[in-house]
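> Sharing a structure here in structure tokens format.
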Amino acid sequence: MSTISIDDLEKVYDHLAESIDAIPVEKRELFLVKLALLSANQIQDGSVFLQLINQAKVFEN
């Protein structure tokens with residue numbers, strides 16, 4: 001699997017944060033679910049997407 005450059009990752013983070021902030025609070029969860037499903041469809045590998053979900057569930061203190 002290829003990786004995204006740090007510069008591109010920062011651009012993605014900034015755009016995602018700005019997009020979330022621009023959405024009404026009550027619609028943010030729906031936006032994130034839609035984004036996740038679109039991402040899963042783009043990846044086209046359910047097992048990879050399940051691994052990504054599990055990685056995202058890990059929070060460090």
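Letters A, B, ... go to the chains of the structure tokens in the order shown; residues in each chain start at 1; ligands are counted from 1 in the same order.
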Find the spatial neighbours of range 28-32 of chain A, counting only C-alpha atoms, within a cut-off of 12 Å - ignore same-chain residues fewer than 5 positions away - and output them as a list in words.
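Here the qualifying residues turn out to be Leu16, Ala17, Glu18, Ser19, Ile20, Asp21, Ala22, Ile23, Leu37, Leu38 and Ser39 of chain A.
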> For the residues in the current selection, export C-alpha atoms as a PDB file, in the first residue's frame.

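The resulting file, selection33.pdb, is reproduced below:
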```
ATOM      1  CA  LEU A  16     -11.440  17.778   6.647  1.00  0.00           C
ATOM      2  CA  ALA A  17     -11.344  19.937   9.778  1.00  0.00           C
ATOM      3  CA  GLU A  18     -12.684  22.963   7.889  1.00  0.00           C
ATOM      4  CA  SER A  19     -15.412  20.854   6.287  1.00  0.00           C
ATOM      5  CA  ILE A  20     -16.512  19.395   9.622  1.00  0.00           C
ATOM      6  CA  ASP A  21     -16.566  22.854  11.214  1.00  0.00           C
ATOM      7  CA  ALA A  22     -18.758  24.170   8.369  1.00  0.00           C
ATOM      8  CA  ILE A  23     -21.403  21.465   8.855  1.00  0.00           C
ATOM      9  CA  LEU A  37     -18.543   4.672   3.135  1.00  0.00           C
ATOM     10  CA  LEU A  38     -17.232   6.596   0.137  1.00  0.00           C
ATOM     11  CA  SER A  39     -13.681   5.838   1.301  1.00  0.00           C
TER      12      SER A  39
END
```
> Can you tell me how far CA of Leu50 in chain A sits from CA of Ala36 in chain A, in Å to one decimal?
10.9 Å
> Hey, can you check how far CA of Asp45 in chain A sits from CA of Val58 in chain A?
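Interatomic distance, CA of Asp45 in chain A to CA of Val58 in chain A: 20.9 Å.
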> Just asking: which residues within chain A are alpha helix (DSSP H) according to DSSP, as a tab-separated table (two decimals) with N, CA, C and O atoms, in the first residue's frame?

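The resulting file, part07.tsv, is shown below:
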```tsv
chain	number	residue	atom	x	y	z
A	6	ILE	N	3.51	13.78	3.75
A	6	ILE	CA	3.16	14.58	4.92
A	6	ILE	C	2.46	15.87	4.50
A	6	ILE	O	1.46	16.28	5.09
A	7	ASP	N	2.95	16.50	3.43
A	7	ASP	CA	2.35	17.73	2.94
A	7	ASP	C	0.90	17.49	2.50
A	7	ASP	O	0.00	18.26	2.86
A	8	ASP	N	0.67	16.42	1.75
A	8	ASP	CA	-0.69	16.10	1.32
A	8	ASP	C	-1.57	15.71	2.51
A	8	ASP	O	-2.75	16.06	2.56
A	9	LEU	N	-1.00	14.98	3.46
A	9	LEU	CA	-1.76	14.59	4.65
A	9	LEU	C	-2.19	15.81	5.45
A	9	LEU	O	-3.32	15.88	5.94
A	10	GLU	N	-1.32	16.80	5.55
A	10	GLU	CA	-1.68	18.04	6.25
A	10	GLU	C	-2.79	18.79	5.51
A	10	GLU	O	-3.70	19.33	6.14
A	11	LYS	N	-2.74	18.78	4.18
A	11	LYS	CA	-3.80	19.42	3.39
A	11	LYS	C	-5.13	18.71	3.60
A	11	LYS	O	-6.18	19.34	3.74
A	12	VAL	N	-5.09	17.38	3.61
A	12	VAL	CA	-6.30	16.59	3.84
A	12	VAL	C	-6.86	16.88	5.23
A	12	VAL	O	-8.06	17.11	5.39
A	13	TYR	N	-5.99	16.89	6.23
A	13	TYR	CA	-6.42	17.18	7.60
A	13	TYR	C	-7.08	18.56	7.68
A	13	TYR	O	-8.17	18.70	8.25
A	14	ASP	N	-6.43	19.56	7.11
A	14	ASP	CA	-6.97	20.92	7.16
A	14	ASP	C	-8.33	21.00	6.48
A	14	ASP	O	-9.27	21.60	7.01
A	15	HIS	N	-8.45	20.40	5.31
A	15	HIS	CA	-9.72	20.46	4.57
A	15	HIS	C	-10.81	19.69	5.31
A	15	HIS	O	-11.96	20.16	5.38
A	16	LEU	N	-10.46	18.55	5.88
A	16	LEU	CA	-11.44	17.78	6.65
A	16	LEU	C	-11.91	18.56	7.86
A	16	LEU	O	-13.11	18.65	8.13
A	17	ALA	N	-10.98	19.15	8.59
A	17	ALA	CA	-11.34	19.94	9.78
A	17	ALA	C	-12.23	21.12	9.41
A	17	ALA	O	-13.24	21.38	10.07
A	18	GLU	N	-11.88	21.82	8.34
A	18	GLU	CA	-12.68	22.96	7.89
A	18	GLU	C	-14.07	22.51	7.44
A	18	GLU	O	-15.08	23.17	7.72
A	19	SER	N	-14.13	21.38	6.76
A	19	SER	CA	-15.41	20.85	6.29
A	19	SER	C	-16.30	20.46	7.46
A	19	SER	O	-17.50	20.76	7.46
A	20	ILE	N	-15.73	19.79	8.45
A	20	ILE	CA	-16.51	19.40	9.62
A	20	ILE	C	-17.02	20.62	10.36
A	20	ILE	O	-18.18	20.68	10.77
A	21	ASP	N	-16.16	21.62	10.52
A	21	ASP	CA	-16.57	22.85	11.21
A	21	ASP	C	-17.69	23.58	10.49
A	21	ASP	O	-18.52	24.24	11.11
A	22	ALA	N	-17.76	23.46	9.16
A	22	ALA	CA	-18.76	24.17	8.37
A	22	ALA	C	-20.12	23.48	8.37
A	22	ALA	O	-21.11	24.06	7.95
A	25	VAL	N	-23.74	20.94	13.62
A	25	VAL	CA	-23.36	19.89	14.57
A	25	VAL	C	-24.21	18.63	14.40
A	25	VAL	O	-23.69	17.51	14.43
A	26	GLU	N	-25.51	18.80	14.20
A	26	GLU	CA	-26.40	17.64	14.12
A	26	GLU	C	-26.22	16.82	12.84
A	26	GLU	O	-26.73	15.71	12.73
A	27	LYS	N	-25.45	17.34	11.89
A	27	LYS	CA	-25.22	16.60	10.63
A	27	LYS	C	-23.78	16.10	10.49
A	27	LYS	O	-23.45	15.45	9.50
A	28	ARG	N	-22.94	16.37	11.47
A	28	ARG	CA	-21.53	15.98	11.37
A	28	ARG	C	-21.34	14.47	11.38
A	28	ARG	O	-20.52	13.93	10.62
A	29	GLU	N	-22.10	13.78	12.21
A	29	GLU	CA	-21.98	12.32	12.26
A	29	GLU	C	-22.37	11.71	10.92
A	29	GLU	O	-21.69	10.80	10.42
A	30	LEU	N	-23.45	12.19	10.32
A	30	LEU	CA	-23.86	11.69	9.01
A	30	LEU	C	-22.79	11.96	7.96
A	30	LEU	O	-22.48	11.09	7.14
A	31	PHE	N	-22.19	13.15	7.99
A	31	PHE	CA	-21.11	13.48	7.06
A	31	PHE	C	-19.96	12.48	7.20
A	31	PHE	O	-19.44	11.97	6.20
A	32	LEU	N	-19.56	12.19	8.44
A	32	LEU	CA	-18.43	11.29	8.65
A	32	LEU	C	-18.75	9.86	8.22
A	32	LEU	O	-17.89	9.16	7.67
A	33	VAL	N	-19.98	9.42	8.43
A	33	VAL	CA	-20.39	8.09	7.97
A	33	VAL	C	-20.38	8.03	6.45
A	33	VAL	O	-19.87	7.06	5.86
A	34	LYS	N	-20.90	9.07	5.81
A	34	LYS	CA	-20.89	9.11	4.34
A	34	LYS	C	-19.46	9.12	3.81
A	34	LYS	O	-19.13	8.42	2.84
A	35	LEU	N	-18.59	9.89	4.46
A	35	LEU	CA	-17.19	9.93	4.05
A	35	LEU	C	-16.54	8.56	4.21
A	35	LEU	O	-15.80	8.10	3.33
A	36	ALA	N	-16.83	7.89	5.31
A	36	ALA	CA	-16.27	6.56	5.54
A	36	ALA	C	-16.74	5.57	4.48
A	36	ALA	O	-15.93	4.79	3.94
A	37	LEU	N	-18.02	5.60	4.15
A	37	LEU	CA	-18.54	4.67	3.14
A	37	LEU	C	-17.99	4.97	1.75
A	37	LEU	O	-17.67	4.05	0.98
A	38	LEU	N	-17.85	6.23	1.42
A	38	LEU	CA	-17.23	6.60	0.14
A	38	LEU	C	-15.77	6.15	0.10
A	38	LEU	O	-15.29	5.67	-0.94
A	39	SER	N	-15.08	6.28	1.22
A	39	SER	CA	-13.68	5.84	1.30
A	39	SER	C	-13.58	4.33	1.15
A	39	SER	O	-12.71	3.82	0.44
A	40	ALA	N	-14.48	3.60	1.81
A	40	ALA	CA	-14.48	2.14	1.70
A	40	ALA	C	-14.72	1.72	0.26
A	40	ALA	O	-14.06	0.79	-0.25
A	41	ASN	N	-15.63	2.39	-0.41
A	41	ASN	CA	-15.91	2.08	-1.80
A	41	ASN	C	-14.69	2.35	-2.68
A	41	ASN	O	-14.39	1.60	-3.61
A	42	GLN	N	-13.98	3.42	-2.39
A	42	GLN	CA	-12.78	3.77	-3.17
A	42	GLN	C	-11.66	2.76	-2.94
A	42	GLN	O	-10.96	2.38	-3.87
A	43	ILE	N	-11.51	2.31	-1.68
A	43	ILE	CA	-10.47	1.34	-1.35
A	43	ILE	C	-10.77	-0.01	-1.99
A	43	ILE	O	-9.87	-0.73	-2.40
A	46	GLY	N	-12.85	-4.68	1.65
A	46	GLY	CA	-13.52	-4.63	2.94
A	46	GLY	C	-12.61	-4.95	4.10
A	46	GLY	O	-12.69	-4.31	5.15
A	47	SER	N	-11.71	-5.93	3.94
A	47	SER	CA	-10.84	-6.30	5.05
A	47	SER	C	-9.86	-5.17	5.40
A	47	SER	O	-9.58	-4.93	6.57
A	48	VAL	N	-9.39	-4.46	4.39
A	48	VAL	CA	-8.50	-3.32	4.64
A	48	VAL	C	-9.27	-2.24	5.38
A	48	VAL	O	-8.77	-1.65	6.34
A	49	PHE	N	-10.51	-1.99	4.95
A	49	PHE	CA	-11.28	-0.94	5.61
A	49	PHE	C	-11.61	-1.32	7.05
A	49	PHE	O	-11.58	-0.46	7.94
A	50	LEU	N	-11.88	-2.59	7.31
A	50	LEU	CA	-12.12	-3.04	8.68
A	50	LEU	C	-10.87	-2.83	9.54
A	50	LEU	O	-10.97	-2.43	10.71
A	51	GLN	N	-9.70	-3.07	8.99
A	51	GLN	CA	-8.45	-2.82	9.71
A	51	GLN	C	-8.31	-1.33	10.02
A	51	GLN	O	-7.88	-0.96	11.12
A	52	LEU	N	-8.68	-0.48	9.08
A	52	LEU	CA	-8.60	0.96	9.31
A	52	LEU	C	-9.56	1.39	10.41
A	52	LEU	O	-9.22	2.24	11.25
A	53	ILE	N	-10.75	0.82	10.44
A	53	ILE	CA	-11.70	1.11	11.51
A	53	ILE	C	-11.09	0.74	12.86
A	53	ILE	O	-11.14	1.53	13.81
A	54	ASN	N	-10.50	-0.44	12.94
A	54	ASN	CA	-9.90	-0.88	14.20
A	54	ASN	C	-8.73	0.01	14.61
A	54	ASN	O	-8.56	0.31	15.78
A	55	GLN	N	-7.95	0.46	13.65
A	55	GLN	CA	-6.84	1.36	13.96
A	55	GLN	C	-7.37	2.69	14.47
A	55	GLN	O	-6.80	3.29	15.39
A	56	ALA	N	-8.46	3.17	13.89
A	56	ALA	CA	-9.03	4.47	14.30
A	56	ALA	C	-9.64	4.40	15.68
A	56	ALA	O	-9.76	5.43	16.35
```
